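Visitor: If you scroll down you'll find the structure; I have some questions about it.
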2 protein chains.
Amino acid sequence: MTTQREIARRAKTSLKTVSRVINRDPLVNAKTRARIEAIVAELGYEPSQAARMMRSQRSNIIGFLADQVATSASSIDLVRGAQDAAWECGKQMMLFNIERGTPSQDLADAQLAAFRAEAVVYAAVYHQPVELPPSAVPRVLLNCFDPGGGQHAIVPDDYQLAATLMDEVLDRGYRRPAFLNLNRAIVASGLRAAGITDAARNRGLDMTGRIHEVVVGREHHGQPQFIADRIVPELMSVSPESRPDVLICGQDILAMDVYFVLSELRLKVGQHVAVASFDNREPIASLLKPGLSTMELPYYEMGRAAMLAAINPPPAPETVRLPGKFIERGSLQPFHTLATHRTGSNPNA
Amino acid sequence: MTTQREIARRAKTSLKTVSRVINRDPLVNAKTRARIEAIVAELGYEPSQAARMMRSQRSNIIGFLADQVATSASSIDLVRGAQDAAWECGKQMMLFNIERGTPSQDLADAQLAAFRAEAVVYAAVYHQPVELPPSAVPRVLLNCFDPGGGQHAIVPDDYQLAATLMDEVLDRGYRRPAFLNLNRAIVASGLRAAGITDAARNRGLDMTGRIHEVVVGREHHGQPQFIADRIVPELMSVSPESRPDVLICGQDILAMDVYFVLSELRLKVGQHVAVASFDNREPIASLLKPGLSTMELPYYEMGRAAMLAAINPPPAPETVRLPGKFIERGSLQPFHTLATHRTGSNPNA
DNA sequence: TCTGTTTTTGACAACGTGAGACAATCATGG
DNA sequence: CCATGATTGTCTCACGTTGTCAAAAACAGA
């Protein structure tokens with residue numbers, strides 16, 4: 001492998017001058033610099049990171065511990081955002097897929113220690129509390145938080161997401177929303193229920209009795225369990241004038257399930273009832289017919305924010321909540337376009 | 001940061017003896033070893049990779065260039081497989097998300113050179129030919145191949161995948177399959193058509209006129225374009241006795257689209273027509289109702305194989321085709337369970 | 001106790017880079 | 001020719017680890 005010594009030999013100059021050129025020391029004659037740079041380019045020389053790490057005592061490496069994240073498609077954007085941010089800061093991100101509590105975590109920690117990582121981002125697969133053993137290096141929690149609040153954390157602002165979505169729903173004239181919520185054990189569940197309830201109350205609508213827990217569990221390594229096939233038919237079995245005019249789903253894959261249930265009931269999304277959701281999980285959201293109007297979770301921005309916080313640790317740990325944005329598609333048109341509204345007909349009759 | 005020197009100082013021994021203990025050199029007195037190991041554990045010492053890389057002139061690092069892979073959920077398993085294999089071999093994998101032709105590729109190459117990566121895995125987002133500039137280190141192509149054949153490559157065996165799926169279809173008694181193929185520009189398209197055609201011919205079935213190109217393009221950064229809403233109604237508009245009894249889709253998201261089109265036609269998957277597909281893309285495949293029977297692409301195994309080949313380069317470059325496996329769900333039941341077969345009724349009538 | 005052998009330990013150098021101290025060389029202007 | 005400043009070179013050390021080789025210690029046999 002090429003070294004500065006080799007470059008110096010070829011350029012018939014000294015090691016020190018080569019070092020000056022590499023490190024952009026201005027005290028070098030333009031012609032000499034050009035000659036050396038030409039040789040550097042010709043040989044494709046890159047200074048050895050190992051040697052630099054040794055010399056400078058800085059690794060420029062940030063670890064990214066992805067706790068089961070890689071098994072979940074939605075959170076790739078966490079990785080992408082972090083990767084891009086690290087890149088922009090001239091840092092190197094080292095990714096590890098781990099499972100909390102298994103040896104993989106210890107192995108990853110050992111590797112990161114061996115590389116003298118300067119900080120670590122710990123990412124969870126969904127917004128949840130985690131308790132981790134203390135860390136020797138600065139740590140940022142991503143999509144999770146320390147119940148004690150002692151760790152800097154980046155999470156989605158589930159309250160804002162829900163409130164924003166509710167505003168969009170109400171703006172379009174809907175007045176009988178049903179919220180098909182996640183399992184109540186999930187952090188997002190309570191936050192979203194609050195956001196939806198508050199946003200509704202601000203507009204004079206009471207959500208009491210309109211929130212239903214439809215995701216009943218999270219199988220290990222599997223899909224969540226939905227009971228939309230039990231709840232939705234019940235909700236929709238009353239007259240078109242009093243049944244829900246919009247179903248707000250806790251996640252896109254639940255919305256997909258709801259589409260199928262509605263199809264069984266011969267109810268068309270966008271014609272007989274509107275649907276809105278959370279996640280903007282592609283390709284599902286845009287492939288559903290009609291396309292699913294949904295709140296996009298700010299995964300990419302969260303990944304960025306976590307990496308930036310890892311690189312420049314904040315003075316005091318804090319929980320940063322990032323807002324999501326509404327993605328409009330066909331499933332949530334203005335209320336007056338619903339067939340049930342236009343005609344008053346009951347397609348079940 | 002703790003060093004061996006520090007350990008030696010505390011253990012009142014020499015640097016070299018500490019080094020021997022760290023490297024499990026048997027030529028160390030048991031008592032000395034125990035004393036040193038106690039201090040190592042107490043201080044949580046990990047040998048510096050940077051120094052080891054310097055000393056040994058080996059980085060133990062394998063680069064993984066993911067060309068737009070991170071934007072596609074399906075290929076996370078490529079990354080997971082590679083990561084796990086690297087791990088098992090005591091290697092460190094360095095992941096880069098790049099886009100071919102953009103500066104990101106050069107930056108990633110520079111970084112890998114700086115870290116003196118021993119080999120590189122180059123992964124594409126779908127099975128395709130790629131031509132890359134020559135590389136200074138061994139390179140393995142993953143989910144892509146060099147048209148000149150000069151590079152070791154790991155790809156899915158699309159011919160086998162299709163032939164296996166066709167066998168499963170025929171085993172269940174179907175005799176009027178329609179294959180809704182990918183865009184013909186995609187490599188997999190031709191391979192699968194051949195696999196399906198050959199497997200059918202082996203069982204006395206001629207596929208002429210039964211293969212339709214339904215995926216018409218691949219938008220940049222977007223979803224493919226389907227024309228299932230044009231083709232499927234046409235195919236299904238003839239009598240139940242002569243129309244297709246099974247629709248084999250080129251990918252799961254197309255299958256999802258087909259489900260919706262069939263629903264529009266008031267045809268139920270599994271009752272009026274069977275569906276089979278390629279990808280086993282979760283959560284779609286298991287959330288569709290009924291669940292989608294589909295050929296799983298061996299992404300995890302491909303990632304593993306690529307990493308292993310990068311770590312132990314084969315004597316001569318070769319294109320390795322890995323088989324997929326059939327995942328059975330409700331969309332492809334035995335033919336005799338179809339309602340059209342049992343009753344002969346035409347639900348369109 | 002002495003000699004010879006084996007076991008255990010230690011001194012030193014080197015990997016590639018970067019920095020400081022300082023000397024040597026060169027070009028330019030007066 | 002000298003003064004000045006710009007440029008380049010020499011030399012040294014340090015980062016943490018490990019291979020080479022030699023020294024020291026422990027042990028066995030006489």
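How things are named: the first chain in the structure tokens is A, the next is B, and so on; residues count from 1 in each chain; ligands count from 1 in the order shown.
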I need the contact residues of chain D against chain A, so if you could list those with any atom within 12 Å, counting only C-alpha atoms (C1' of nucleotides), and return them as a tab-separated table (two decimals) with N, CA and C atoms (P, O5', C5', C4', C3', O3' and C1' of nucleotides), in the first residue's frame, that would help.
Guide:
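That gives us iface_31.tsv:
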```tsv
chain	number	residue	atom	x	y	z
D	6	DA	P	7.08	35.99	3.62
D	6	DA	O5'	7.16	34.83	2.54
D	6	DA	C5'	7.57	35.15	1.21
D	6	DA	C4'	8.10	33.90	0.55
D	6	DA	C3'	7.27	32.64	0.82
D	6	DA	O3'	7.08	31.98	-0.42
D	6	DA	C1'	9.53	32.24	1.36
D	7	DT	P	6.03	30.78	-0.57
D	7	DT	O5'	6.97	29.53	-0.40
D	7	DT	C5'	7.99	29.32	-1.38
D	7	DT	C4'	8.95	28.27	-0.90
D	7	DT	C3'	8.34	26.90	-0.58
D	7	DT	O3'	8.72	26.04	-1.64
D	7	DT	C1'	10.10	27.51	0.90
D	8	DT	P	8.18	24.49	-1.64
D	8	DT	O5'	9.35	23.78	-0.83
D	8	DT	C5'	10.65	23.71	-1.39
D	8	DT	C4'	11.60	23.08	-0.40
D	8	DT	C3'	11.20	21.68	0.05
D	8	DT	O3'	12.14	20.76	-0.50
D	8	DT	C1'	11.97	23.02	1.87
D	9	DG	P	12.04	19.19	-0.18
D	9	DG	O5'	13.01	19.10	1.07
D	9	DG	C5'	14.35	19.53	0.93
D	9	DG	C4'	15.08	19.35	2.24
D	9	DG	C3'	14.91	17.96	2.85
D	9	DG	O3'	16.18	17.37	3.07
D	9	DG	C1'	14.43	19.66	4.46
D	10	DT	P	16.27	15.89	3.58
D	10	DT	O5'	16.69	16.08	5.10
D	10	DT	C5'	17.68	17.06	5.46
D	10	DT	C4'	17.89	17.03	6.96
D	10	DT	C3'	17.77	15.62	7.58
D	10	DT	O3'	18.84	15.44	8.48
D	10	DT	C1'	16.32	17.13	8.68
D	11	DC	P	19.11	13.97	9.08
D	11	DC	O5'	18.47	14.14	10.53
D	11	DC	C5'	18.64	15.39	11.21
D	11	DC	C4'	17.81	15.38	12.48
D	11	DC	C3'	17.52	13.98	13.03
D	11	DC	O3'	17.91	13.94	14.39
D	11	DC	C1'	15.53	15.25	12.89
D	13	DC	P	14.10	11.46	20.13
D	13	DC	O5'	12.52	11.59	20.34
D	13	DC	C5'	11.97	12.80	20.85
D	13	DC	C4'	10.47	12.78	20.67
D	13	DC	C3'	9.79	11.52	21.21
D	13	DC	O3'	8.89	11.89	22.23
D	13	DC	C1'	9.01	12.08	19.02
D	14	DA	P	8.35	10.77	23.22
D	14	DA	O5'	6.88	10.52	22.68
D	14	DA	C5'	5.99	11.62	22.53
D	14	DA	C4'	4.78	11.14	21.75
D	14	DA	C3'	4.32	9.74	22.15
D	14	DA	O3'	3.06	9.85	22.79
D	14	DA	C1'	4.43	10.00	19.76
D	15	DC	P	2.53	8.65	23.66
D	15	DC	O5'	1.40	8.08	22.70
D	15	DC	C5'	0.40	8.94	22.15
D	15	DC	C4'	-0.27	8.22	21.02
D	15	DC	C3'	-0.45	6.73	21.30
D	15	DC	O3'	-1.73	6.53	21.87
D	15	DC	C1'	0.30	7.17	19.04
D	16	DG	P	-1.86	5.62	23.15
D	16	DG	O5'	-1.85	4.18	22.49
D	16	DG	C5'	-2.96	3.78	21.71
D	16	DG	C4'	-2.73	2.38	21.18
D	16	DG	C3'	-2.46	1.35	22.26
D	16	DG	O3'	-3.29	0.23	21.99
D	16	DG	C1'	-0.72	1.32	20.64
D	17	DT	P	-3.17	-1.12	22.76
D	17	DT	O5'	-2.33	-1.98	21.73
D	17	DT	C5'	-2.88	-2.23	20.45
D	17	DT	C4'	-1.90	-2.97	19.57
D	17	DT	C3'	-1.46	-4.32	20.11
D	17	DT	O3'	-1.97	-5.31	19.24
D	17	DT	C1'	0.39	-3.05	19.28
```
Visitor: Show me, as JSON, numbers by chain, every residue of chain B with an atom at most 9 Å from chain A, counting only C-alpha atoms.
Guide: {"B": [1, 45, 46, 47, 48, 49, 50, 51, 52, 53, 54, 59, 70, 71, 72, 73, 74, 76, 77, 79, 80, 83, 84, 92, 93, 94, 95, 96, 97, 110, 111, 113, 114, 115, 116, 223, 253, 256, 257, 260, 263, 282, 283, 284, 286, 287, 288, 289]}
Visitor: Neighbours of Pro315 in chain B within 10 Å (only C-alpha atoms (C1' of nucleotides); same-chain residues fewer than 3 positions away dropped), as a PyMOL selection string?
Guide: chain B and resi 152+312+318
Visitor: For the interface of chain C with chain B (cut-off 10 Å, counting only C-alpha atoms (C1' of nucleotides)), please tabulate each contacting residue of chain C alongside its nearest pair of atoms and their separation in Å to one decimal, rows sorted by chain and increasing number, as a Markdown table.
Guide:
```
| residue | atom | partner | partner_atom | distance |
| --- | --- | --- | --- | --- |
| C:DT7 | C1' | B:Leu27 | CA | 7.8 |
| C:DT8 | C1' | B:Val28 | CA | 6.5 |
| C:DT9 | C1' | B:Thr17 | CA | 6.9 |
| C:DG10 | C1' | B:Ser14 | CA | 6.2 |
| C:DA11 | C1' | B:Lys16 | CA | 9.4 |
| C:DA14 | C1' | B:Arg55 | CA | 7.9 |
| C:DC15 | C1' | B:Arg55 | CA | 4.8 |
| C:DG16 | C1' | B:Met54 | CA | 7.3 |
```
Visitor: Apply DSSP to the backbone of this structure and, from range 73-249 of chain B, keep only the residues in alpha helix (DSSP H); write these as JSON, numbers by chain.
Guide: {"B": [76, 77, 78, 79, 80, 81, 82, 83, 84, 85, 86, 87, 88, 103, 104, 105, 106, 107, 108, 109, 110, 111, 112, 113, 114, 158, 159, 160, 161, 162, 163, 164, 165, 166, 167, 168, 169, 170, 171, 187, 188, 189, 190, 191, 192, 193, 194, 195, 196, 197, 198, 199, 200, 201, 202, 228, 229, 230, 231, 232, 233, 234, 235, 236]}
Visitor: One decimal, Å: what's the distance from CA of Gly148 in chain B over to CA of Gly81 in chain B, could you say?
Guide: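 Here the two named atoms are 26.4 Å from each other.
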Visitor: Give me, please, the distance in Å between CA of Ala34 in chain A and CA of Val21 in chain A, quoted to one decimal.
Guide: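 Taking CA of Ala34 in chain A as the start and CA of Val21 in chain A as the end point, the length is 9.1 Å.
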Visitor: Considering only strand (DSSP E) as DSSP defines it on the backbone, what residues of range 5-113 of chain B qualify? List them as a VMD selection string.
Guide: chain B and resid 61 to 67 92 to 98
